[in-house]
file coords_4.pdb (PDB, C-alpha atoms and all ligand atoms)
ATOM      1  CA  MET A   1     243.538  27.564 -85.215
ATOM      2  CA  LYS A   2     245.955  25.349 -87.032
ATOM      3  CA  LEU A   3     244.771  24.522 -90.554
ATOM      4  CA  ILE A   4     246.614  21.805 -92.443
ATOM      5  CA  ILE A   5     245.798  21.068 -96.074
ATOM      6  CA  GLU A   6     247.034  17.766 -97.432
ATOM      7  CA  ASN A   7     247.118  16.619-101.021
ATOM      8  CA  ASP A   8     244.433  13.946-100.789
ATOM      9  CA  ALA A   9     242.321  11.897 -98.396
ATOM     10  CA  GLY A  10     245.119   9.390 -97.855
ATOM     11  CA  THR A  11     247.722  11.924 -96.790
ATOM     12  CA  ALA A  12     245.115  13.728 -94.664
ATOM     13  CA  ALA A  13     244.443  10.437 -92.839
ATOM     14  CA  THR A  14     248.177   9.914 -92.334
ATOM     15  CA  ALA A  15     248.575  13.418 -90.866
ATOM     16  CA  ALA A  16     245.588  12.908 -88.548
ATOM     17  CA  ALA A  17     246.843   9.502 -87.379
ATOM     18  CA  GLN A  18     250.260  11.013 -86.669
ATOM     19  CA  LEU A  19     248.731  13.766 -84.560
ATOM     20  CA  ILE A  20     246.651  11.238 -82.594
ATOM     21  CA  ALA A  21     249.715   9.022 -82.048
ATOM     22  CA  GLU A  22     251.668  12.045 -80.765
ATOM     23  CA  GLU A  23     248.835  12.900 -78.394
ATOM     24  CA  ILE A  24     248.797   9.330 -77.052
ATOM     25  CA  GLY A  25     252.548   9.590 -76.527
ATOM     26  CA  THR A  26     252.357  12.750 -74.442
ATOM     27  CA  HIS A  27     250.083  11.360 -71.684
ATOM     28  CA  ASP A  28     250.501   8.509 -69.191
ATOM     29  CA  THR A  29     246.764   7.811 -69.384
ATOM     30  CA  PRO A  30     245.476   9.469 -72.580
ATOM     31  CA  VAL A  31     241.752  10.014 -72.972
ATOM     32  CA  LEU A  32     240.642  10.124 -76.611
ATOM     33  CA  GLY A  33     237.308  11.227 -77.991
ATOM     34  CA  LEU A  34     236.591   9.137 -81.091
ATOM     35  CA  ALA A  35     234.308   9.490 -84.102
ATOM     36  CA  THR A  36     232.932   7.103 -86.706
ATOM     37  CA  GLY A  37     232.065   7.484 -90.397
ATOM     38  CA  ARG A  38     233.884   7.116 -93.676
ATOM     39  CA  THR A  39     236.418   9.882 -93.018
ATOM     40  CA  MET A  40     237.714   8.030 -89.969
ATOM     41  CA  GLU A  41     238.287   4.684 -91.685
ATOM     42  CA  GLY A  42     241.661   5.642 -93.194
ATOM     43  CA  ILE A  43     242.765   7.197 -89.905
ATOM     44  CA  TYR A  44     241.936   4.053 -87.900
ATOM     45  CA  ALA A  45     243.636   1.857 -90.524
ATOM     46  CA  ARG A  46     246.830   3.872 -90.048
ATOM     47  CA  LEU A  47     246.612   3.737 -86.241
ATOM     48  CA  ALA A  48     246.117  -0.046 -86.452
ATOM     49  CA  GLN A  49     249.118  -0.289 -88.767
ATOM     50  CA  ALA A  50     251.296   1.736 -86.389
ATOM     51  CA  HIS A  51     250.271  -0.594 -83.577
ATOM     52  CA  GLU A  52     251.093  -3.659 -85.677
ATOM     53  CA  GLN A  53     254.502  -2.186 -86.451
ATOM     54  CA  GLY A  54     255.130  -1.819 -82.715
ATOM     55  CA  THR A  55     255.240   1.979 -82.653
ATOM     56  CA  LEU A  56     251.910   2.688 -80.960
ATOM     57  CA  ASP A  57     250.660   1.359 -77.627
ATOM     58  CA  PHE A  58     246.978   1.650 -76.717
ATOM     59  CA  SER A  59     247.211  -0.184 -73.381
ATOM     60  CA  CYS A  60     246.718   2.986 -71.306
ATOM     61  CA  VAL A  61     244.216   4.671 -73.628
ATOM     62  CA  THR A  62     240.675   5.430 -72.505
ATOM     63  CA  SER A  63     238.171   6.331 -75.234
ATOM     64  CA  PHE A  64     234.775   7.952 -75.482
ATOM     65  CA  ASN A  65     232.889   7.924 -78.769
ATOM     66  CA  LEU A  66     230.744  10.820 -79.867
ATOM     67  CA  ASP A  67     227.520   9.054 -80.671
ATOM     68  CA  GLU A  68     225.363   6.002 -81.292
ATOM     69  CA  TYR A  69     222.063   5.311 -83.018
ATOM     70  CA  VAL A  70     219.047   4.794 -80.787
ATOM     71  CA  GLY A  71     217.630   1.281 -80.921
ATOM     72  CA  LEU A  72     220.716  -0.528 -82.225
ATOM     73  CA  SER A  73     222.501  -3.028 -79.984
ATOM     74  CA  ALA A  74     226.285  -3.254 -79.824
ATOM     75  CA  GLU A  75     226.133  -6.479 -81.872
ATOM     76  CA  ASP A  76     224.261  -4.836 -84.738
ATOM     77  CA  PRO A  77     226.711  -4.462 -87.663
ATOM     78  CA  ARG A  78     225.225  -1.029 -88.392
ATOM     79  CA  SER A  79     225.888   0.273 -84.882
ATOM     80  CA  TYR A  80     228.819   2.489 -83.998
ATOM     81  CA  HIS A  81     229.815  -0.016 -81.290
ATOM     82  CA  TYR A  82     230.307  -2.533 -84.074
ATOM     83  CA  TYR A  83     232.085   0.019 -86.304
ATOM     84  CA  MET A  84     234.659   0.741 -83.599
ATOM     85  CA  GLN A  85     235.379  -2.968 -83.077
ATOM     86  CA  ASP A  86     235.582  -3.525 -86.786
ATOM     87  CA  HIS A  87     237.795  -0.562 -87.670
ATOM     88  CA  LEU A  88     240.009  -0.066 -84.626
ATOM     89  CA  PHE A  89     239.531  -1.894 -81.338
ATOM     90  CA  ARG A  90     240.099  -5.445 -82.627
ATOM     91  CA  PHE A  91     243.407  -4.420 -84.198
ATOM     92  CA  VAL A  92     245.018  -2.692 -81.190
ATOM     93  CA  ASN A  93     245.812  -3.479 -77.547
ATOM     94  CA  ILE A  94     243.184  -1.171 -76.078
ATOM     95  CA  ASP A  95     241.528  -2.461 -72.889
ATOM     96  CA  LEU A  96     237.872  -2.819 -73.946
ATOM     97  CA  HIS A  97     236.798  -1.894 -70.416
ATOM     98  CA  ARG A  98     238.241   1.539 -71.071
ATOM     99  CA  THR A  99     236.297   2.059 -74.314
ATOM    100  CA  HIS A 100     232.978   3.851 -74.065
ATOM    101  CA  LEU A 101     230.112   4.579 -76.408
ATOM    102  CA  PRO A 102     226.641   5.751 -75.417
ATOM    103  CA  ASP A 103     224.242   2.788 -75.283
ATOM    104  CA  GLY A 104     221.551   3.427 -77.885
ATOM    105  CA  ALA A 105     219.665   0.349 -76.692
ATOM    106  CA  ALA A 106     219.370   1.603 -73.094
ATOM    107  CA  THR A 107     215.839   1.556 -71.688
ATOM    108  CA  ASP A 108     216.261   4.952 -70.005
ATOM    109  CA  LEU A 109     218.025   7.143 -72.572
ATOM    110  CA  ASP A 110     218.153  10.248 -70.360
ATOM    111  CA  ALA A 111     219.809   8.278 -67.562
ATOM    112  CA  GLU A 112     222.249   6.797 -70.097
ATOM    113  CA  CYS A 113     223.222  10.288 -71.321
ATOM    114  CA  ALA A 114     223.708  11.595 -67.770
ATOM    115  CA  ALA A 115     225.812   8.535 -66.911
ATOM    116  CA  TYR A 116     227.941   9.092 -70.024
ATOM    117  CA  GLU A 117     228.685  12.686 -69.030
ATOM    118  CA  ALA A 118     229.599  11.479 -65.524
ATOM    119  CA  GLN A 119     231.946   8.837 -66.938
ATOM    120  CA  ILE A 120     233.754  11.432 -69.051
ATOM    121  CA  ALA A 121     234.120  13.669 -65.995
ATOM    122  CA  ARG A 122     235.393  10.755 -63.843
ATOM    123  CA  SER A 123     238.040   9.986 -66.451
ATOM    124  CA  GLY A 124     239.390  13.536 -66.044
ATOM    125  CA  GLY A 125     237.977  14.831 -69.332
ATOM    126  CA  ILE A 126     238.994  14.258 -72.935
ATOM    127  CA  ASP A 127     242.539  15.145 -74.043
ATOM    128  CA  LEU A 128     241.897  15.040 -77.793
ATOM    129  CA  GLN A 129     238.494  14.883 -79.475
ATOM    130  CA  LEU A 130     238.451  13.624 -83.058
ATOM    131  CA  LEU A 131     235.653  15.071 -85.223
ATOM    132  CA  GLY A 132     234.247  14.682 -88.709
ATOM    133  CA  ILE A 133     231.710  17.054 -90.217
ATOM    134  CA  GLY A 134     228.332  16.061 -91.618
ATOM    135  CA  ASP A 135     226.431  17.526 -94.552
ATOM    136  CA  THR A 136     224.293  19.533 -92.094
ATOM    137  CA  GLY A 137     227.433  20.946 -90.437
ATOM    138  CA  HIS A 138     226.996  18.624 -87.472
ATOM    139  CA  ILE A 139     229.810  17.479 -85.209
ATOM    140  CA  GLY A 140     228.807  14.336 -83.401
ATOM    141  CA  PHE A 141     225.109  14.223 -84.243
ATOM    142  CA  ASN A 142     224.483  17.828 -83.207
ATOM    143  CA  GLU A 143     221.993  18.743 -85.880
ATOM    144  CA  PRO A 144     221.045  22.381 -86.437
ATOM    145  CA  PRO A 145     220.219  24.179 -84.300
ATOM    146  CA  SER A 146     222.331  22.831 -81.417
ATOM    147  CA  SER A 147     223.202  25.418 -78.828
ATOM    148  CA  PHE A 148     226.809  25.508 -77.763
ATOM    149  CA  ASP A 149     226.061  24.504 -74.182
ATOM    150  CA  THR A 150     224.311  21.226 -75.080
ATOM    151  CA  ARG A 151     225.432  18.061 -73.281
ATOM    152  CA  THR A 152     225.057  14.370 -74.153
ATOM    153  CA  ARG A 153     221.433  13.824 -75.115
ATOM    154  CA  CYS A 154     218.985  12.154 -77.462
ATOM    155  CA  VAL A 155     218.514  14.021 -80.763
ATOM    156  CA  GLU A 156     216.408  13.598 -83.862
ATOM    157  CA  LEU A 157     218.496  13.067 -86.986
ATOM    158  CA  ASP A 158     217.969  15.359 -89.964
ATOM    159  CA  GLU A 159     216.751  13.846 -93.186
ATOM    160  CA  ALA A 160     220.013  14.987 -94.827
ATOM    161  CA  THR A 161     221.994  13.014 -92.247
ATOM    162  CA  ARG A 162     219.867   9.904 -92.773
ATOM    163  CA  GLU A 163     220.559  10.268 -96.502
ATOM    164  CA  GLN A 164     224.276  10.751 -95.834
ATOM    165  CA  ASN A 165     224.387   7.554 -93.757
ATOM    166  CA  ALA A 166     221.910   5.435 -95.753
ATOM    167  CA  ALA A 167     224.576   3.214 -97.349
ATOM    168  CA  MET A 168     224.873   1.148 -94.155
ATOM    169  CA  PHE A 169     221.103   0.670 -94.172
ATOM    170  CA  GLY A 170     220.612  -0.770 -97.630
ATOM    171  CA  GLY A 171     220.591   2.691 -99.240
ATOM    172  CA  ASP A 172     217.237   3.592 -97.660
ATOM    173  CA  PRO A 173     217.304   6.830 -95.588
ATOM    174  CA  ASN A 174     214.087   5.749 -93.875
ATOM    175  CA  ALA A 175     215.798   2.623 -92.570
ATOM    176  CA  VAL A 176     218.344   4.809 -90.737
ATOM    177  CA  PRO A 177     217.280   5.264 -87.105
ATOM    178  CA  HIS A 178     215.510   8.573 -86.622
ATOM    179  CA  GLU A 179     217.189   9.243 -83.286
ATOM    180  CA  ALA A 180     220.686   9.067 -81.844
ATOM    181  CA  LEU A 181     222.533   9.743 -78.610
ATOM    182  CA  THR A 182     225.302  12.275 -79.041
ATOM    183  CA  MET A 183     227.759  14.228 -76.966
ATOM    184  CA  GLY A 184     226.575  17.832 -76.979
ATOM    185  CA  VAL A 185     228.465  20.745 -78.491
ATOM    186  CA  GLY A 186     229.295  21.818 -74.934
ATOM    187  CA  THR A 187     230.650  18.349 -74.140
ATOM    188  CA  ILE A 188     232.849  18.515 -77.252
ATOM    189  CA  LEU A 189     234.104  22.031 -76.470
ATOM    190  CA  ASP A 190     235.193  20.802 -73.019
ATOM    191  CA  ALA A 191     237.850  18.557 -74.594
ATOM    192  CA  ARG A 192     241.333  20.005 -74.150
ATOM    193  CA  ARG A 193     242.099  19.756 -77.871
ATOM    194  CA  LEU A 194     239.960  19.243 -80.975
ATOM    195  CA  LEU A 195     240.929  17.665 -84.294
ATOM    196  CA  LEU A 196     238.449  18.038 -87.146
ATOM    197  CA  VAL A 197     239.120  16.095 -90.341
ATOM    198  CA  ALA A 198     237.237  16.470 -93.626
ATOM    199  CA  THR A 199     238.011  15.061 -97.047
ATOM    200  CA  GLY A 200     236.450  14.970-100.495
ATOM    201  CA  PRO A 201     234.649  17.504-102.704
ATOM    202  CA  ALA A 202     231.236  16.891-101.097
ATOM    203  CA  LYS A 203     232.510  18.524 -97.895
ATOM    204  CA  ALA A 204     233.874  21.714 -99.518
ATOM    205  CA  GLY A 205     230.717  23.827 -99.078
ATOM    206  CA  ILE A 206     230.024  22.929 -95.475
ATOM    207  CA  VAL A 207     233.723  23.240 -94.531
ATOM    208  CA  ALA A 208     233.774  26.815 -95.886
ATOM    209  CA  LYS A 209     230.558  27.607 -93.997
ATOM    210  CA  ALA A 210     231.925  26.180 -90.750
ATOM    211  CA  LEU A 211     235.292  27.941 -90.977
ATOM    212  CA  GLU A 212     234.293  31.260 -92.559
ATOM    213  CA  GLY A 213     230.582  31.753 -91.964
ATOM    214  CA  PRO A 214     228.941  33.026 -88.796
ATOM    215  CA  ILE A 215     229.641  31.110 -85.585
ATOM    216  CA  THR A 216     226.140  29.837 -85.064
ATOM    217  CA  PRO A 217     224.134  26.926 -83.613
ATOM    218  CA  GLU A 218     222.838  26.493 -87.186
ATOM    219  CA  VAL A 219     226.278  25.038 -88.093
ATOM    220  CA  SER A 220     227.481  23.224 -85.020
ATOM    221  CA  ALA A 221     230.990  22.715 -86.472
ATOM    222  CA  SER A 222     231.420  26.518 -86.425
ATOM    223  CA  ALA A 223     231.581  26.218 -82.612
ATOM    224  CA  ILE A 224     235.067  24.771 -82.774
ATOM    225  CA  ARG A 225     236.341  28.258 -83.656
ATOM    226  CA  LEU A 226     235.522  29.202 -80.049
ATOM    227  CA  HIS A 227     238.018  26.623 -78.768
ATOM    228  CA  LYS A 228     241.510  27.704 -77.808
ATOM    229  CA  ASN A 229     243.295  24.599 -79.120
ATOM    230  CA  TYR A 230     241.999  23.114 -82.350
ATOM    231  CA  VAL A 231     243.495  21.630 -85.479
ATOM    232  CA  ILE A 232     241.748  21.137 -88.812
ATOM    233  CA  ILE A 233     243.080  18.702 -91.379
ATOM    234  CA  LEU A 234     241.591  18.893 -94.883
ATOM    235  CA  ASP A 235     242.508  17.579 -98.288
ATOM    236  CA  GLU A 236     242.653  19.846-101.341
ATOM    237  CA  ALA A 237     239.131  18.794-102.414
ATOM    238  CA  SER A 238     237.415  19.683 -99.135
ATOM    239  CA  ALA A 239     239.380  22.962 -98.926
ATOM    240  CA  ALA A 240     238.318  24.018-102.434
ATOM    241  CA  GLU A 241     235.754  26.637-101.354
ATOM    242  CA  LEU A 242     237.884  28.362 -98.692
ATOM    243  CA  SER A 243     238.764  31.996 -99.310
ATOM    244  CA  PRO A 244     242.301  33.115-100.200
ATOM    245  CA  ALA A 245     242.501  34.799 -96.760
ATOM    246  CA  THR A 246     241.886  31.491 -94.956
ATOM    247  CA  LEU A 247     244.168  29.565 -97.309
ATOM    248  CA  ALA A 248     246.968  32.066 -96.637
ATOM    249  CA  HIS A 249     247.082  30.774 -93.046
ATOM    250  CA  ALA A 250     247.110  27.107 -93.976
ATOM    251  CA  GLN A 251     250.070  24.803 -93.738
ATOM    252  CA  ARG A 252     250.073  23.062 -97.120
ATOM    253  CA  ASN A 253     251.591  19.649 -97.413
ATOM    254  CA  ALA A 254     251.047  18.937-101.081
TER     255      ALA A 254
HETATM  256  C1  LIG B   1     230.183  10.066 -86.403
HETATM  257  C2  LIG B   1     229.974  11.509 -86.277
HETATM  258  C3  LIG B   1     229.607  12.350 -87.448
HETATM  259  C4  LIG B   1     230.518  12.125 -88.657
HETATM  260  C5  LIG B   1     230.068  12.991 -89.842
HETATM  261  C6  LIG B   1     230.913  12.749 -91.078
HETATM  262  O1  LIG B   1     230.541   9.508 -85.166
HETATM  263  O2  LIG B   1     230.070  11.996 -85.198
HETATM  264  O3  LIG B   1     229.642  13.696 -87.059
HETATM  265  O4  LIG B   1     231.844  12.429 -88.309
HETATM  266  O5  LIG B   1     228.729  12.717 -90.137
HETATM  267  O6  LIG B   1     230.707  11.444 -91.533
HETATM  268  P1  LIG B   1     231.538  10.862 -92.770
HETATM  269  O7  LIG B   1     232.957  10.791 -92.347
HETATM  270  O8  LIG B   1     230.943   9.503 -93.007
HETATM  271  O9  LIG B   1     231.323  11.804 -93.904
END
call {"tool": "encode", "arguments": {"input": "coords_4.pdb", "output": "C-alpha cells", "more": "lines below"}}
Ligand code: F6R
result
Amino acid sequence: MKLIIENDAGTAATAAAQLIAEEIGTHDTPVLGLATGRTMEGIYARLAQAHEQGTLDFSCVTSFNLDEYVGLSAEDPRSYHYYMQDHLFRFVNIDLHRTHLPDGAATDLDAECAAYEAQIARSGGIDLQLLGIGDTGHIGFNEPPSSFDTRTRCVELDEATREQNAAMFGGDPNAVPHEALTMGVGTILDARRLLLVATGPAKAGIVAKALEGPITPEVSASAIRLHKNYVIILDEASAAELSPATLAHAQRNA
C-alpha cells in the first residue's frame, strides 16, 4: 500500500489528479475506472484544468464508471451520466463513444450488468480504478455485506447511503432511488491499480475501519488491502482516526 496524507481536500485532489494524469501518460490507450460524488469534484476540476492548459490529452482514454442509479435516464440531472458530463467529459477531449456507465434505465438490468462486464473485458480491463468511500464503507455502491467476488449487478442502497446522497434529491433520502447498478468488489479488484481518495472529518471513522479493521465483506473498502497495487490519498481530517502505526508508513505532504 502507498498511503499519502495531504494537508487538506484541495491538495489531496491535486495529488490524485496528478496520479491520474501520470497513469494516462504511461499508456497508449489508457482505460480509467471513474467514480462520482463530492470527493471527485475537485479531482475532475483539476483534470479539466490540466487539459485546458494543454498538458493532458484524453483523446485515447476509455472510461468505465462504477455505478448508476436505477430508474434515472442519462438526461436526468441527478444521474451519474449527467454528473460525468457536467464535471469532466464536457471539459476534455474524451471521445464520448469510449465513455461507459451502466444504464440504470435499461429494461433488462441483469442483461445490462452482464454486458457491462463484457465491455470492460473487451477493453482489456481497467488500468486505474478511482474510488471514493461511502459512510457504509462502500466502494462503488457495494453495500455491506458485499462478497469480494461480486460482479456488476443491481443492489439495494442502504438507508445511510440514501441519506449521504440526499442533497441531490431535495434533501429527502426517500427520494433517492432505492436501487443502483454497481461494479462488484470483484470487478473493482480486477483493475490493475486502485486509487482511493477520502477527505473531510466525516470520513475519518470509516477510513480507519477500512484500513485497520478486519478485511471483511461488511466493509467493502477493506477489500482493497487484498490488491497488490493500490494507493490511498487522504487529507489530515480523514486520516485523523488512523493509528500511529499506520501513520508511520504514510507519506505526508503537509
Ligand atoms: C460514486 C461511488 C461512491 C462514492 C462514495 C463517496 O460513484 O462509487 O462509492 O465514491 O459514496 O461519495 P462522496 O465523495 O460524495 O462522499
call {"tool": "residues_near_ligand", "arguments": {"input": "coords_4.pdb", "ligand": "ligand LIG 1 (chain B)", "cutoff": "8 Å", "atoms": "all atoms listed in the file", "output": "ChimeraX atom specification"}}
result
/A:34-40,65-68,80,131-135,138-142,161,164-165,182,198,203
call {"tool": "residues_near_point", "arguments": {"input": "coords_4.pdb", "point": "(225.5, 23.6, -80.7)", "cutoff": "6 Å", "atoms": "all atoms listed in the file", "output": "PyMOL selection string"}}
result
chain A and resi 146-148+185+217+220
call {"tool": "residues_around", "arguments": {"input": "coords_4.pdb", "residues": "A:Glu241", "least_positions_apart": "5", "cutoff": "8 Å", "atoms": "all atoms listed in the file", "output": "count of residues only"}}
result
4
call {"tool": "closest_residue", "arguments": {"input": "coords_4.pdb", "among": "A:Gly137, A:Gly71, A:Gly10, A:Gly124", "to": "A:Leu109", "atoms": "all atoms listed in the file"}}
result
A:Gly71
call {"tool": "atom_distance", "arguments": {"input": "coords_4.pdb", "atom1": "atom CA of A:Met183", "atom2": "atom CA of A:Gly33"}}
result
10.1 Å
call {"tool": "closest_residue", "arguments": {"input": "coords_4.pdb", "among": "A:Asp86, A:Asp235, A:Glu159, A:Asp127", "to": "A:Glu22", "atoms": "all atoms listed in the file"}}
result
A:Asp127
call {"tool": "atom_distance", "arguments": {"input": "coords_4.pdb", "atom1": "atom CA of A:His227", "atom2": "atom CA of A:Leu47"}}
result
25.6 Å
call {"tool": "decode", "arguments": {"input": "coords_4.pdb", "residues": "stretch 9-99 of chain A", "atoms": "C-alpha atoms", "output": "mmCIF file, in the first residue's frame"}}
result
data_model
loop_
_atom_site.group_PDB
_atom_site.id
_atom_site.type_symbol
_atom_site.label_atom_id
_atom_site.label_comp_id
_atom_site.auth_asym_id
_atom_site.auth_seq_id
_atom_site.Cartn_x
_atom_site.Cartn_y
_atom_site.Cartn_z
ATOM 1 C CA ALA A 9 -9.063 18.393 0.484
ATOM 2 C CA GLY A 10 -7.653 20.719 -2.163
ATOM 3 C CA THR A 11 -4.121 19.363 -2.044
ATOM 4 C CA ALA A 12 -5.482 15.801 -1.870
ATOM 5 C CA ALA A 13 -7.422 16.469 -5.095
ATOM 6 C CA THR A 14 -4.293 17.891 -6.724
ATOM 7 C CA ALA A 15 -2.261 14.804 -5.760
ATOM 8 C CA ALA A 16 -4.983 12.467 -7.060
ATOM 9 C CA ALA A 17 -5.306 14.376 -10.346
ATOM 10 C CA GLN A 18 -1.532 14.224 -10.796
ATOM 11 C CA LEU A 19 -1.507 10.468 -10.292
ATOM 12 C CA ILE A 20 -4.351 10.015 -12.801
ATOM 13 C CA ALA A 21 -2.574 12.251 -15.339
ATOM 14 C CA GLU A 22 0.614 10.188 -14.919
ATOM 15 C CA GLU A 23 -1.355 6.991 -15.457
ATOM 16 C CA ILE A 24 -2.890 8.401 -18.651
ATOM 17 C CA GLY A 25 0.607 9.309 -19.818
ATOM 18 C CA THR A 26 2.004 5.812 -19.378
ATOM 19 C CA HIS A 27 -0.445 4.026 -21.729
ATOM 20 C CA ASP A 28 -1.168 4.382 -25.452
ATOM 21 C CA THR A 29 -4.824 3.543 -24.807
ATOM 22 C CA PRO A 30 -5.462 4.094 -21.078
ATOM 23 C CA VAL A 31 -8.565 2.588 -19.521
ATOM 24 C CA LEU A 32 -9.769 4.501 -16.458
ATOM 25 C CA GLY A 33 -12.346 3.435 -13.917
ATOM 26 C CA LEU A 34 -14.147 6.565 -12.712
ATOM 27 C CA ALA A 35 -16.242 7.460 -9.678
ATOM 28 C CA THR A 36 -18.726 10.205 -8.862
ATOM 29 C CA GLY A 37 -19.597 12.070 -5.655
ATOM 30 C CA ARG A 38 -18.379 15.165 -3.887
ATOM 31 C CA THR A 39 -14.834 13.902 -3.303
ATOM 32 C CA MET A 40 -14.288 13.577 -7.045
ATOM 33 C CA GLU A 41 -15.401 17.094 -7.970
ATOM 34 C CA GLY A 42 -12.075 18.752 -7.093
ATOM 35 C CA ILE A 43 -10.156 15.990 -8.865
ATOM 36 C CA TYR A 44 -12.157 16.385 -12.095
ATOM 37 C CA ALA A 45 -11.817 20.186 -11.913
ATOM 38 C CA ARG A 46 -8.034 19.779 -11.822
ATOM 39 C CA LEU A 47 -8.011 17.267 -14.694
ATOM 40 C CA ALA A 48 -10.163 19.667 -16.746
ATOM 41 C CA GLN A 49 -7.766 22.493 -15.914
ATOM 42 C CA ALA A 50 -4.746 20.438 -16.984
ATOM 43 C CA HIS A 51 -6.498 19.698 -20.266
ATOM 44 C CA GLU A 52 -7.292 23.382 -20.793
ATOM 45 C CA GLN A 53 -3.650 24.234 -20.156
ATOM 46 C CA GLY A 54 -2.655 21.764 -22.875
ATOM 47 C CA THR A 55 -0.851 19.307 -20.607
ATOM 48 C CA LEU A 56 -3.377 16.465 -20.604
ATOM 49 C CA ASP A 57 -4.843 14.648 -23.601
ATOM 50 C CA PHE A 58 -7.928 12.460 -23.184
ATOM 51 C CA SER A 59 -8.300 11.530 -26.865
ATOM 52 C CA CYS A 60 -7.167 7.920 -26.336
ATOM 53 C CA VAL A 61 -8.811 7.415 -22.940
ATOM 54 C CA THR A 62 -11.544 4.837 -22.428
ATOM 55 C CA SER A 63 -13.570 5.108 -19.210
ATOM 56 C CA PHE A 64 -15.888 2.934 -17.180
ATOM 57 C CA ASN A 65 -17.820 4.410 -14.272
ATOM 58 C CA LEU A 66 -18.513 2.447 -11.132
ATOM 59 C CA ASP A 67 -22.236 2.900 -10.818
ATOM 60 C CA GLU A 68 -25.570 4.466 -11.698
ATOM 61 C CA TYR A 69 -28.946 4.803 -10.013
ATOM 62 C CA VAL A 70 -31.703 2.517 -11.247
ATOM 63 C CA GLY A 71 -34.550 4.343 -12.960
ATOM 64 C CA LEU A 72 -32.705 7.547 -13.871
ATOM 65 C CA SER A 73 -32.072 8.361 -17.530
ATOM 66 C CA ALA A 74 -28.790 9.837 -18.732
ATOM 67 C CA GLU A 75 -30.519 13.221 -19.154
ATOM 68 C CA ASP A 76 -31.659 13.342 -15.534
ATOM 69 C CA PRO A 77 -29.522 15.963 -13.730
ATOM 70 C CA ARG A 78 -29.360 13.659 -10.697
ATOM 71 C CA SER A 79 -27.930 10.747 -12.681
ATOM 72 C CA TYR A 80 -24.262 9.840 -12.705
ATOM 73 C CA HIS A 81 -24.300 10.049 -16.520
ATOM 74 C CA TYR A 82 -25.192 13.706 -16.116
ATOM 75 C CA TYR A 83 -22.626 14.203 -13.320
ATOM 76 C CA MET A 84 -19.812 12.924 -15.535
ATOM 77 C CA GLN A 85 -20.795 15.253 -18.393
ATOM 78 C CA ASP A 86 -21.133 18.143 -16.017
ATOM 79 C CA HIS A 87 -17.898 17.649 -14.081
ATOM 80 C CA LEU A 88 -15.482 16.156 -16.600
ATOM 81 C CA PHE A 89 -16.487 14.983 -20.063
ATOM 82 C CA ARG A 90 -17.667 18.350 -21.432
ATOM 83 C CA PHE A 91 -14.374 19.980 -20.451
ATOM 84 C CA VAL A 92 -11.946 17.484 -22.033
ATOM 85 C CA ASN A 93 -11.325 15.887 -25.437
ATOM 86 C CA ILE A 94 -12.526 12.424 -24.455
ATOM 87 C CA ASP A 95 -14.348 10.523 -27.219
ATOM 88 C CA LEU A 96 -17.843 10.065 -25.740
ATOM 89 C CA HIS A 97 -18.128 6.726 -27.539
ATOM 90 C CA ARG A 98 -15.352 5.484 -25.291
ATOM 91 C CA THR A 99 -17.087 6.554 -22.065
#
